[in-house]
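J.: Data file structure_12.txt (compact mmCIF, C-alpha atoms) is appended below.
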```txt
# COMPACT_ATOMS: atom_id res chain seq x y z
CA MET I 249 -27.77 42.70 -75.52
CA LYS I 250 -28.58 46.41 -76.11
CA LYS I 251 -28.63 48.00 -79.56
CA ASP I 252 -25.70 50.26 -78.67
CA ASP I 253 -23.67 47.30 -77.48
CA LEU I 254 -24.38 45.41 -80.72
CA LYS I 255 -23.20 48.37 -82.68
CA GLN I 256 -20.13 48.61 -80.49
CA ASN I 257 -19.27 44.97 -81.05
CA ALA I 258 -19.59 45.27 -84.79
CA LYS I 259 -17.34 48.29 -84.68
CA LEU I 260 -14.89 46.39 -82.61
CA LYS I 261 -14.83 43.52 -85.05
CA ALA I 262 -14.25 45.87 -87.98
CA LEU I 263 -11.55 47.73 -86.09
CA LEU I 264 -9.72 44.57 -85.25
CA ARG I 265 -9.88 43.37 -88.84
CA ASN I 266 -8.51 46.60 -90.10
CA GLN I 267 -5.75 46.89 -87.55
CA ASN I 268 -3.40 44.43 -89.22
CA LEU I 269 -2.27 43.32 -85.83
CA PRO I 270 -0.82 39.83 -85.49
CA LYS I 271 -3.43 37.31 -84.49
CA ASP I 272 -1.75 36.59 -81.14
CA GLU I 273 -1.73 40.25 -80.23
CA VAL I 274 -5.37 40.62 -81.09
CA ILE I 275 -6.25 37.62 -79.00
CA GLU I 276 -4.22 39.03 -76.14
CA LEU I 277 -6.04 42.34 -76.52
CA LEU I 278 -9.40 40.62 -76.42
CA CYS I 279 -8.38 38.69 -73.30
CA ASP I 280 -7.42 41.95 -71.63
CA MET I 281 -10.81 43.39 -72.55
CA ILE I 282 -12.53 40.37 -71.01
CA GLU I 283 -10.46 40.70 -67.88
CA ASN I 284 -11.30 44.40 -67.57
CA GLU I 285 -14.98 43.64 -67.93
CA VAL I 286 -14.87 40.85 -65.30
CA CYS I 287 -13.10 43.13 -62.80
CA LYS I 288 -16.03 45.55 -62.80
CA PRO I 289 -18.66 45.43 -60.04
CA GLU I 290 -21.11 42.62 -60.74
CA SER I 291 -23.99 44.94 -61.56
CA GLN I 292 -21.92 46.65 -64.28
CA ILE I 293 -20.54 43.55 -66.00
CA ASP I 294 -21.77 43.15 -69.55
CA TYR I 295 -21.94 39.37 -69.96
CA ASP I 296 -23.05 39.63 -73.55
CA LEU I 297 -19.93 41.58 -74.38
CA ILE I 298 -17.82 38.95 -72.69
CA SER I 299 -19.45 36.15 -74.68
CA GLU I 300 -18.98 38.16 -77.89
CA LEU I 301 -15.32 38.63 -77.08
CA TYR I 302 -14.95 34.89 -76.47
CA LEU I 303 -16.57 34.18 -79.81
CA LEU I 304 -14.14 36.54 -81.46
CA ILE I 305 -11.22 34.85 -79.77
CA ASP I 306 -12.55 31.51 -80.89
CA GLU I 307 -12.93 32.78 -84.41
CA LEU I 308 -9.44 34.20 -84.48
CA SER I 309 -7.86 31.15 -82.98
CA GLU I 310 -9.81 29.00 -85.45
CA GLY I 311 -10.82 26.58 -82.78
CA GLN I 312 -7.29 26.13 -81.57
CA PRO I 313 -6.89 26.52 -77.82
CA ILE I 314 -5.09 29.70 -76.77
CA VAL I 315 -2.98 27.78 -74.33
CA SER I 316 -1.38 24.69 -75.80
CA GLU I 317 -2.35 21.27 -74.53
CA ASP I 318 1.17 20.67 -73.17
CA ASN I 319 1.19 23.95 -71.30
CA MET I 320 -2.17 23.21 -69.78
CA GLN I 321 -1.11 19.73 -68.71
CA ARG I 322 2.12 21.10 -67.22
CA ASN I 323 0.21 23.80 -65.33
CA LEU I 324 -2.32 21.28 -63.99
CA GLU I 325 0.43 19.04 -62.70
CA ASN I 326 2.16 21.96 -61.01
CA ILE I 327 -1.05 22.93 -59.30
CA LYS I 328 -1.61 19.35 -58.13
CA LYS I 329 1.94 19.10 -56.78
CA GLN I 330 1.59 22.35 -54.90
CA GLY I 331 -1.70 21.21 -53.38
CA ALA I 332 -0.23 17.85 -52.35
CA VAL I 333 2.80 19.43 -50.69
CA LYS I 334 0.62 21.87 -48.78
CA LYS I 335 -1.66 19.04 -47.60
CA ARG I 336 1.27 16.89 -46.46
CA ARG I 337 2.87 19.80 -44.64
CA LYS I 338 -0.42 20.62 -42.93
CA ARG I 339 -1.02 16.97 -41.84
CA CYS I 340 2.55 16.44 -40.59
CA SER I 341 2.47 19.68 -38.70
CA TRP I 342 -0.77 18.71 -36.96
CA ILE I 343 0.52 15.27 -35.98
CA ARG I 344 3.77 16.73 -34.68
CA THR I 345 1.94 19.28 -32.55
CA PHE I 346 -0.37 16.64 -31.13
CA ALA I 347 2.57 14.34 -30.32
CA VAL I 348 4.43 17.13 -28.54
CA VAL I 349 1.36 18.12 -26.50
CA ALA I 350 0.57 14.48 -25.58
CA ALA I 351 4.17 13.79 -24.56
CA SER I 352 4.20 16.95 -22.43
CA PHE I 353 1.06 15.86 -20.64
CA VAL I 354 2.43 12.39 -19.94
CA ILE I 355 5.69 13.82 -18.61
CA MET I 356 3.83 16.36 -16.50
CA PHE I 357 1.49 13.77 -15.00
CA SER I 358 4.34 11.40 -14.32
CA GLY I 359 6.17 14.14 -12.46
CA ILE I 360 3.09 15.06 -10.45
CA SER I 361 2.42 11.40 -9.65
CA ILE I 362 5.96 10.90 -8.41
CA MET I 363 5.68 14.00 -6.23
CA ALA I 364 2.30 12.79 -4.92
CA ARG I 365 3.81 9.40 -3.98
CA VAL I 366 6.79 11.01 -2.29
CA HIS I 367 4.45 13.12 -0.17
CA GLY I 368 2.27 10.14 0.67
CA TYR I 369 -0.80 10.97 -1.38
CA ALA I 370 -2.79 8.08 -2.86
CA SER I 371 -3.93 10.14 -5.82
CA SER I 372 -2.26 12.79 -7.95
CA TRP I 373 -5.49 14.79 -7.95
CA ASP I 374 -5.49 14.97 -4.13
CA PHE I 375 -1.95 16.30 -4.27
CA ILE I 376 -2.84 18.90 -6.90
CA LEU I 377 -5.97 20.03 -5.07
CA GLU I 378 -4.18 20.39 -1.75
CA SER I 379 -1.29 22.21 -3.34
CA LEU I 380 -3.70 24.63 -5.01
CA GLN I 381 -5.52 25.16 -1.74
CA GLU I 382 -2.26 26.08 -0.07
CA LEU I 383 -1.55 28.64 -2.77
CA MET I 384 -4.96 30.25 -2.59
CA PRO I 385 -5.68 32.89 0.02
CA GLY I 386 -8.46 32.43 2.54
CA GLU I 387 -9.45 29.59 4.82
CA LYS I 388 -8.38 26.02 4.12
CA LEU I 389 -11.04 23.38 3.83
CA GLU I 390 -11.27 21.54 7.11
CA GLY I 391 -10.07 17.94 6.88
CA ASP I 392 -11.21 17.10 10.42
CA GLY I 393 -14.71 16.47 11.63
CA ILE I 394 -16.60 13.29 12.34
CA THR I 395 -17.55 10.96 9.52
CA VAL I 396 -20.66 8.80 9.61
CA ILE I 397 -20.23 5.76 7.39
CA LYS I 398 -23.24 3.76 6.28
CA PRO I 399 -23.33 1.08 3.59
CA TYR I 400 -22.31 2.83 0.32
CA ALA I 401 -22.57 6.37 1.76
CA SER I 402 -20.64 8.56 4.13
CA THR I 403 -21.08 12.09 5.47
CA THR I 404 -18.66 14.25 7.42
CA TYR I 405 -19.91 16.66 10.08
CA ALA I 406 -18.01 19.50 11.68
CA THR I 407 -19.18 18.80 15.23
CA MET I 408 -20.87 16.05 17.21
CA GLU I 409 -23.86 18.31 17.86
CA VAL I 410 -24.51 18.82 14.18
CA LEU I 411 -24.01 15.10 13.56
CA MET I 412 -26.49 13.97 16.19
CA LYS I 413 -29.05 16.50 15.01
CA SER I 414 -28.73 15.51 11.38
CA GLU I 415 -28.50 11.74 11.79
CA ASN I 416 -31.11 11.52 14.55
CA PHE I 417 -29.39 8.58 16.23
CA ASP I 418 -31.20 6.99 19.18
CA PHE I 419 -28.09 5.68 20.92
CA LEU I 420 -25.92 7.46 23.45
CA LEU I 421 -22.36 8.67 23.00
CA PRO I 422 -19.84 9.67 25.68
CA ALA I 423 -19.55 13.37 26.39
CA VAL I 424 -16.17 12.94 28.05
CA LEU I 425 -13.13 11.38 26.40
CA PRO I 426 -9.51 11.14 27.53
CA GLU I 427 -7.46 14.24 26.81
CA GLY I 428 -6.47 14.54 23.19
CA VAL I 429 -8.82 11.79 22.10
CA ALA I 430 -11.65 12.44 19.67
CA ILE I 431 -14.23 10.39 17.83
CA GLU I 432 -13.23 10.16 14.15
CA THR I 433 -15.78 7.89 12.49
CA ILE I 434 -19.10 6.29 13.33
CA THR I 435 -19.78 3.25 11.15
CA VAL I 436 -23.31 1.88 11.02
CA MET I 437 -23.71 -1.75 9.96
CA TYR I 438 -27.22 -3.04 9.38
CA VAL I 439 -27.80 -6.60 10.51
CA SER I 440 -31.41 -6.96 9.40
CA ASN I 441 -32.87 -6.04 6.01
CA ASP I 442 -35.36 -3.63 7.58
CA HIS I 443 -32.47 -1.81 9.34
CA SER I 444 -34.10 -2.26 12.74
CA THR I 445 -31.14 -4.31 13.95
CA TYR I 446 -27.77 -2.69 13.55
CA GLU I 447 -24.36 -2.29 15.10
CA VAL I 448 -22.24 0.82 15.42
CA ALA I 449 -18.45 0.83 15.45
CA VAL I 450 -17.01 4.08 16.83
CA LYS I 451 -13.40 4.79 15.86
CA CYS I 452 -11.43 7.07 18.14
CA SER I 453 -8.18 8.85 17.47
CA ASP I 454 -6.62 6.73 20.22
CA MET I 455 -6.96 3.10 19.15
CA ASN I 456 -6.68 1.98 22.77
CA LEU I 457 -10.25 3.24 23.22
CA LYS I 458 -12.82 1.13 21.44
CA ILE I 459 -16.54 1.87 21.51
CA TYR I 460 -19.17 -0.50 20.12
CA ILE I 461 -22.94 -0.11 20.24
CA SER I 462 -25.50 -2.72 19.25
CA THR I 463 -29.29 -2.96 19.11
CA HIS I 464 -29.04 -6.63 20.03
CA ASN I 465 -27.12 -8.19 22.88
CA LEU I 466 -23.69 -9.50 21.97
CA ASN I 467 -22.86 -10.46 25.53
CA THR I 468 -24.38 -11.95 28.66
CA PRO I 469 -22.34 -10.08 31.30
CA GLU I 470 -24.45 -11.47 34.12
CA THR I 471 -22.70 -14.81 33.58
CA TRP I 472 -19.18 -13.41 33.84
CA THR I 473 -17.11 -14.42 36.79
CA ASN I 474 -14.93 -11.84 38.54
CA ALA I 475 -16.66 -8.91 36.80
CA ILE I 476 -16.56 -5.49 38.47
CA LEU I 477 -19.97 -3.85 38.74
CA TYR I 478 -20.07 -0.10 38.07
CA GLN I 479 -23.32 1.86 38.35
CA THR I 480 -23.72 5.08 36.33
CA ASP I 481 -26.72 7.42 36.27
CA LEU I 482 -28.24 5.51 33.40
CA MET I 483 -27.14 1.89 33.60
CA LEU I 484 -25.18 -0.82 35.31
CA PHE I 485 -21.86 -1.71 33.70
CA TYR I 486 -20.05 -5.02 34.02
CA ILE I 487 -16.30 -4.48 33.73
CA GLN I 488 -13.95 -7.36 32.96
CA LYS I 489 -10.19 -7.11 33.17
CA ALA I 490 -8.39 -8.99 30.41
CA SER I 491 -5.06 -10.75 30.62
CA ASP I 492 -3.54 -8.07 28.33
CA GLY I 493 -4.29 -5.40 30.93
CA THR I 494 -7.24 -3.83 29.11
CA TYR I 495 -10.64 -3.28 30.66
CA PHE I 496 -13.83 -4.26 28.88
CA ALA I 497 -17.12 -2.68 30.05
CA VAL I 498 -20.62 -3.69 28.94
CA GLY I 499 -23.90 -1.98 29.81
CA GLN I 500 -27.43 -2.18 28.47
CA TYR I 501 -29.90 0.72 28.27
CA GLY I 502 -32.81 1.84 26.13
CA GLY I 503 -32.60 -1.11 23.73
CA PHE I 504 -28.88 -0.75 23.13
CA GLU I 505 -25.83 -2.60 24.39
CA TYR I 506 -22.81 -0.36 25.00
CA SER I 507 -19.31 -1.86 24.98
CA PHE I 508 -16.12 0.00 25.87
CA THR I 509 -12.51 -1.16 25.88
CA TYR I 510 -9.72 0.93 27.38
CA ASN I 511 -6.40 0.37 29.08
CA ASP I 512 -7.06 2.73 32.02
CA TYR I 513 -9.79 1.81 34.52
CA ASN I 514 -10.31 5.31 35.94
CA GLU I 515 -10.54 6.93 32.53
CA LEU I 516 -12.91 4.17 31.44
CA THR I 517 -15.29 4.89 34.31
CA LYS I 518 -15.27 8.61 33.43
CA ILE I 519 -16.12 7.78 29.84
CA ILE I 520 -19.01 5.44 30.61
CA SER I 521 -20.37 7.84 33.24
CA SER I 522 -20.60 10.61 30.64
CA LEU I 523 -22.89 8.72 28.27
CA LYS I 524 -25.71 10.95 27.12
CA ALA I 525 -27.96 11.57 24.16
CA MET M 129 -1.56 -11.40 -17.52
CA LYS M 130 0.99 -11.75 -14.71
CA LYS M 131 -1.51 -10.31 -12.26
CA ILE M 132 -4.13 -12.88 -13.28
CA ILE M 133 -1.67 -15.78 -12.95
CA PHE M 134 -0.48 -14.53 -9.55
CA ILE M 135 -3.98 -14.17 -8.14
CA SER M 136 -5.07 -17.55 -9.55
CA ALA M 137 -2.07 -19.33 -8.03
CA PHE M 138 -2.58 -17.54 -4.72
CA LEU M 139 -6.20 -18.58 -4.54
CA MET M 140 -5.46 -22.18 -5.54
CA ILE M 141 -2.82 -22.60 -2.85
CA PHE M 142 -5.01 -21.27 -0.04
CA SER M 143 -8.38 -22.51 -1.25
CA MET M 144 -8.03 -25.73 0.81
CA CYS M 145 -8.17 -23.62 3.97
CA PHE M 146 -11.42 -22.00 3.02
CA SER M 147 -14.94 -23.10 3.54
CA VAL M 148 -17.78 -20.84 2.63
CA SER M 149 -21.21 -20.65 4.09
CA ALA M 150 -23.94 -18.17 3.36
CA MET M 151 -25.81 -16.79 6.32
CA GLU M 152 -29.58 -17.08 6.27
CA SER M 153 -30.40 -13.42 6.57
CA ASP M 154 -27.41 -11.44 5.27
CA GLY M 155 -23.67 -11.56 4.82
CA ILE M 156 -21.18 -13.87 3.20
CA VAL M 157 -18.97 -15.70 5.67
CA ILE M 158 -15.52 -17.02 4.85
CA ASN M 159 -13.94 -19.22 7.52
CA ILE M 160 -10.19 -19.13 7.96
CA GLU M 161 -8.86 -21.31 10.77
CA ASN M 162 -10.51 -19.98 13.95
CA ALA M 163 -11.87 -16.80 12.36
CA ASN M 164 -15.04 -15.90 10.48
CA VAL M 165 -14.71 -13.09 7.94
CA ILE M 166 -18.11 -11.57 7.22
CA PHE M 167 -18.89 -9.54 4.10
CA ASP M 168 -22.06 -7.62 3.40
CA ALA M 169 -24.65 -9.60 1.41
CA ASN M 170 -24.63 -6.86 -1.22
CA SER M 171 -20.86 -6.66 -1.43
CA GLN M 172 -19.43 -5.32 -4.68
CA TRP M 173 -16.49 -7.69 -4.51
CA THR M 174 -16.52 -11.01 -6.28
CA PHE M 175 -16.10 -14.22 -4.32
CA GLN M 176 -12.47 -14.48 -5.41
CA GLU M 177 -11.78 -10.94 -4.27
CA GLN M 178 -13.45 -11.64 -0.93
CA GLN M 179 -11.19 -14.63 -0.41
CA VAL M 180 -8.10 -12.54 -1.08
CA ILE M 181 -9.34 -9.84 1.28
CA ALA M 182 -10.18 -12.39 3.98
CA GLN M 183 -6.71 -13.88 3.73
CA LYS M 184 -5.11 -10.44 3.91
CA ILE M 185 -7.11 -9.30 6.94
CA THR M 186 -6.48 -12.44 8.96
CA SER M 187 -2.78 -12.57 8.15
CA GLU M 188 -0.26 -10.62 10.16
CA GLU M 189 0.82 -8.72 7.06
CA ASN M 190 0.23 -5.03 7.77
CA GLU M 191 1.46 -3.52 4.54
CA PRO M 192 -1.22 -2.94 1.89
CA PHE M 193 -1.04 -5.17 -1.19
CA ALA M 194 -0.19 -2.95 -4.10
CA THR M 195 1.05 -3.45 -7.61
CA TYR M 196 0.71 -0.07 -9.25
CA GLY M 197 -0.28 -0.05 -12.89
CA LEU M 198 0.47 2.98 -15.04
CA THR M 199 -3.14 4.18 -14.80
CA CYS M 200 -3.10 4.01 -11.00
CA THR M 201 0.30 5.72 -10.90
CA LEU M 202 -0.96 8.61 -13.00
CA PHE M 203 -4.52 8.96 -11.78
CA GLY M 204 -4.59 7.19 -8.43
CA HIS M 205 -6.58 4.14 -7.40
CA LYS M 206 -10.20 3.49 -8.26
CA TYR M 207 -11.42 2.60 -4.78
CA THR M 208 -14.11 0.22 -3.61
CA LEU M 209 -14.74 0.76 0.08
CA GLU M 210 -16.73 -1.59 2.31
CA THR M 211 -16.99 -2.66 5.92
CA VAL M 212 -15.85 -6.17 6.82
CA GLN M 213 -16.23 -7.92 10.17
CA VAL M 214 -13.90 -10.56 11.56
CA ILE M 215 -14.85 -12.77 14.50
CA THR M 216 -11.91 -14.60 16.01
CA HIS M 217 -12.90 -17.30 18.44
CA ASN M 218 -11.38 -18.11 21.84
CA VAL M 219 -8.97 -15.19 21.91
CA TYR M 220 -9.33 -14.68 25.67
CA GLY M 221 -9.17 -17.19 28.47
CA GLU M 222 -12.10 -15.65 30.32
CA GLU M 223 -15.57 -14.58 29.25
CA PRO M 224 -16.28 -13.05 26.81
CA LYS M 225 -13.79 -15.16 24.92
CA CYS M 226 -14.24 -14.15 21.29
CA LEU M 227 -13.24 -10.94 19.55
CA LYS M 228 -15.19 -9.14 16.84
CA GLU M 229 -13.23 -6.63 14.78
CA VAL M 230 -14.70 -4.20 12.27
CA TYR M 231 -12.54 -3.08 9.36
CA ASN M 232 -12.90 -0.51 6.62
CA VAL M 233 -11.42 -2.24 3.57
CA SER M 234 -10.33 -0.41 0.44
CA THR M 235 -9.52 -2.14 -2.82
CA CYS M 236 -8.68 -0.86 -6.26
CA SER M 237 -10.59 -2.24 -9.23
CA ARG M 238 -7.58 -1.60 -11.51
CA CYS M 239 -4.76 -3.19 -9.49
CA ASP M 240 -4.08 -5.43 -6.49
CA TYR M 241 -4.26 -2.65 -3.92
CA ILE M 242 -5.92 -3.76 -0.66
CA GLU M 243 -5.79 -1.82 2.59
CA GLU M 244 -7.72 -2.39 5.79
CA GLU M 245 -8.35 0.09 8.61
CA LEU M 246 -9.44 -1.20 12.00
CA LEU M 247 -12.46 0.80 13.19
CA SER M 248 -13.35 -0.87 16.46
CA THR M 249 -13.44 -4.14 18.34
CA VAL M 250 -15.79 -5.73 20.80
CA ARG M 251 -15.51 -8.89 22.81
CA ILE M 252 -18.47 -11.16 22.35
CA SER M 253 -19.85 -14.30 23.91
CA CYS M 254 -20.41 -16.67 21.01
CA CYS M 255 -18.37 -19.65 22.16
CA PRO M 256 -18.98 -21.59 25.38
```
Please go through the file and, once you have read it, give me the structure as structure tokens.
T.:
Amino acid sequence: MKKDDLKQNAKLKALLRNQNLPKDEVIELLCDMIENEVCKPESQIDYDLISELYLLIDELSEGQPIVSEDNMQRNLENIKKQGAVKKRRKRCSWIRTFAVVAASFVIMFSGISIMARVHGYASSWDFILESLQELMPGEKLEGDGITVIKPYASTTYATMEVLMKSENFDFLLPAVLPEGVAIETITVMYVSNDHSTYEVAVKCSDMNLKIYISTHNLNTPETWTNAILYQTDLMLFYIQKASDGTYFAVGQYGGFEYSFTYNDYNELTKIISSLKA
Amino acid sequence: MKKIIFISAFLMIFSMCFSVSAMESDGIVINIENANVIFDANSQWTFQEQQVIAQKITSEENEPFATYGLTCTLFGHKYTLETVQVITHNVYGEEPKCLKEVYNVSTCSRCDYIEEELLSTVRISCCP
């Protein structure tokens, strides 16, 4: 503490003694002085003055607390109560908000799921995605194309040309199909562990037309009785008519056996004649 | 719980019709009457699931099995998709007599959903 401050404090003490003010008023005055000092910017606060003023207060109050014990206890309890109420309000409000949001989501998803079922979608997400696509400007994603399915993997191609180039298949596929009929999926099933032996199931949009290709012979058409022989540019086909009116054609070329089933003989011959890489 | 009891009872009733043989190279074969249902050797389905699928494919029931749980209703099925072959013997009176059908089978790991899609068929000569 500086010399001037010490002098000031002594003066202050003398002044207070001589003032004949009631003790309570003096104490109140000293508290005000402390408060004024504390409100100053930190660099200007005189902490020594503050401690002197506290000592004076202590002296004047003769060790008795300025605020009575009862008052302090009452104030503490009030503060606690206020804190507890605020905490409870905050927690309840948070839980309520969460419950409302969760319930809204469940209701929303239920509604979307019902709409998806009504429109024949297996998944709500498919329904949402397609609905969004319809709302967005620009081209729709193409759902058509030809899908190649292998064990645990499938790829969809826009055209047969792209498919054959990408997959590098060795077998032949028909270039001509009945009007309105298209190849939808090509499923490759490996028979041997080294994938050298496999079978290919070709699904067409018309289920009357069935195409099956195999690296190993599933049939011995030479032994069939009453088979019709049909020679194409590439191979000889044996065609058998079934009791259900369908025609079944088998030909072998380049290490593959090609099998076709169709209910129209003329169309069948066009299909098998158009086989090409 | 109900689902487990239903599937267990279903399998118990039809298990007398089944005989199982494992092929030497690959594939699990389940025989049902005059048909062989062939699953991939690395199939993700359990043996019990394969039996249910085999029964479904060879039955004349066309509607997919489905008991929708809440999760499937809200989020859709969790699909397992595999190819299954069915060889039915002596379908035709003349050669080739047997019929091989290839199906794409979808199941849901969360409910009883099973659906099969016929991909193609071929007549084969495996029976004299």
J.: One number please: CA of Thr433 in chain I to CA of Glu177 in chain M, in Å, one decimal.
T.: 25.5 Å
J.: Go through chain M residue by residue and, counting all atoms listed in the file, keep those with an atom at most 8 Å from chain I; for each kept residue give the shortest atom pair and its distance in Å to one decimal, ordered by chain and increasing number, as CSV.
T.:
```
residue,atom,partner,partner_atom,distance
M:Ser153,CA,I:Ser440,CA,7.1
M:Asp154,CA,I:Val439,CA,7.1
M:Thr201,CA,I:Ser361,CA,6.2
M:Leu202,CA,I:Ser361,CA,5.5
M:Phe203,CA,I:Ser372,CA,5.9
M:Gly204,CA,I:Ser371,CA,4.0
M:His205,CA,I:Ser371,CA,6.7
M:Leu209,CA,I:Tyr400,CA,7.9
M:Glu210,CA,I:Pro399,CA,7.2
M:Thr211,CA,I:Pro399,CA,7.7
M:Tyr220,CA,I:Ala490,CA,7.5
M:Gly221,CA,I:Ser491,CA,7.9
M:Glu222,CA,I:Ala490,CA,7.6
M:Glu223,CA,I:Trp472,CA,6.0
M:Pro224,CA,I:Asn467,CA,7.2
M:Val230,CA,I:Ala449,CA,7.0
M:Leu247,CA,I:Lys451,CA,4.9
M:Ser248,CA,I:Lys458,CA,5.4
M:Thr249,CA,I:Lys458,CA,6.1
M:Val250,CA,I:Tyr460,CA,6.3
M:Arg251,CA,I:Phe496,CA,7.8
M:Ile252,CA,I:Asn467,CA,5.5
M:Ser253,CA,I:Asn467,CA,5.1
M:Cys254,CA,I:Leu466,CA,7.9
```
J.: Which of these, I:Glu409, I:Leu297, I:Leu425, I:Val396, has the shortest distance to Ser522 in chain I once you count all atoms listed in the file?
T.: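 Going through I:Glu409, I:Leu297, I:Leu425, I:Val396 one by one, the smallest distance to Ser522 in chain I is for I:Leu425.
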J.: What is the distance, in Å and to one decimal place, between CA of Gln179 in chain M and CA of Ile158 in chain M?
T.: 7.2 Å
J.: Could you jot down the CA of Gln500 in chain I to CA of Glu447 in chain I separation for me, Å, one decimal place?
T.: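 The value is 13.7 Å.
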J.: Which residue, M:Glu229, M:Tyr241, M:Leu198, M:Gln178, has the smallest gap to His217 in chain M when you use all atoms listed in the file?
T.: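 Comparing M:Glu229, M:Tyr241, M:Leu198, M:Gln178 against His217 in chain M, the winner is M:Glu229.
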J.: Between I:Pro426, I:Pro289, I:Gly503, I:Gly393, which has the minimum distance to Thr463 in chain I (counting all atoms listed in the file)?
T.: I:Gly503
J.: Pick the closest to Thr186 in chain M from M:Thr174, M:Thr208, M:Thr235, M:Asn164: which is it, counting only C-alpha atoms?
T.: M:Asn164
J.: Considering only C-alpha atoms, return as a ChimeraX atom specification whatever protein or nucleic-acid residues lie within 10 Å of Tyr302 in chain I, sequence-local ones (same chain, fewer than 5 positions apart) excluded.
T.: /I:275,278-279,282,296-297,307-308
J.: Please save C-alpha atoms of the selected residues as a tab-separated table (two decimals), in the coordinates of the input.
T.:
```tsv
chain	number	residue	atom	x	y	z
I	275	ILE	CA	-6.25	37.62	-79.00
I	278	LEU	CA	-9.40	40.62	-76.42
I	279	CYS	CA	-8.38	38.69	-73.30
I	282	ILE	CA	-12.53	40.37	-71.01
I	296	ASP	CA	-23.05	39.63	-73.55
I	297	LEU	CA	-19.93	41.58	-74.38
I	307	GLU	CA	-12.93	32.78	-84.41
I	308	LEU	CA	-9.44	34.20	-84.48
```
J.: Starting from the sparse input, extend range 157-161 of chain M to all heavy atoms and give the output as a CSV table (one decimal), keeping the file's coordinate frame.
T.:
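For reference, result-v3.csv as written:
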```csv
chain,number,residue,atom,x,y,z
M,157,VAL,N,-20.0,-15.4,4.6
M,157,VAL,CA,-19.0,-15.7,5.7
M,157,VAL,C,-17.9,-16.6,5.1
M,157,VAL,O,-18.2,-17.6,4.4
M,157,VAL,CB,-19.6,-16.4,6.9
M,157,VAL,CG1,-18.6,-16.7,7.9
M,157,VAL,CG2,-20.8,-15.6,7.4
M,158,ILE,N,-16.7,-16.2,5.3
M,158,ILE,CA,-15.5,-17.0,4.8
M,158,ILE,C,-14.8,-17.4,6.1
M,158,ILE,O,-14.4,-16.6,6.9
M,158,ILE,CB,-14.6,-16.2,3.9
M,158,ILE,CG1,-15.3,-15.9,2.6
M,158,ILE,CG2,-13.3,-17.1,3.6
M,158,ILE,CD1,-14.6,-15.1,1.6
M,159,ASN,N,-14.6,-18.7,6.3
M,159,ASN,CA,-13.9,-19.2,7.5
M,159,ASN,C,-12.5,-19.5,7.2
M,159,ASN,O,-12.1,-20.1,6.3
M,159,ASN,CB,-14.6,-20.5,8.0
M,159,ASN,CG,-16.1,-20.3,8.2
M,159,ASN,OD1,-16.5,-19.3,8.8
M,159,ASN,ND2,-16.9,-21.3,7.9
M,160,ILE,N,-11.6,-18.9,8.1
M,160,ILE,CA,-10.2,-19.1,8.0
M,160,ILE,C,-9.7,-19.5,9.3
M,160,ILE,O,-9.7,-18.7,10.3
M,160,ILE,CB,-9.4,-17.9,7.5
M,160,ILE,CG1,-10.0,-17.5,6.1
M,160,ILE,CG2,-7.9,-18.1,7.4
M,160,ILE,CD1,-9.3,-16.2,5.6
M,161,GLU,N,-9.3,-20.8,9.5
M,161,GLU,CA,-8.9,-21.3,10.8
M,161,GLU,C,-9.9,-21.0,11.8
M,161,GLU,O,-11.0,-21.5,11.8
M,161,GLU,CB,-7.5,-20.7,11.1
M,161,GLU,CG,-6.4,-21.3,10.1
M,161,GLU,CD,-5.0,-20.7,10.3
M,161,GLU,OE1,-4.8,-20.0,11.3
M,161,GLU,OE2,-4.2,-20.9,9.4
```
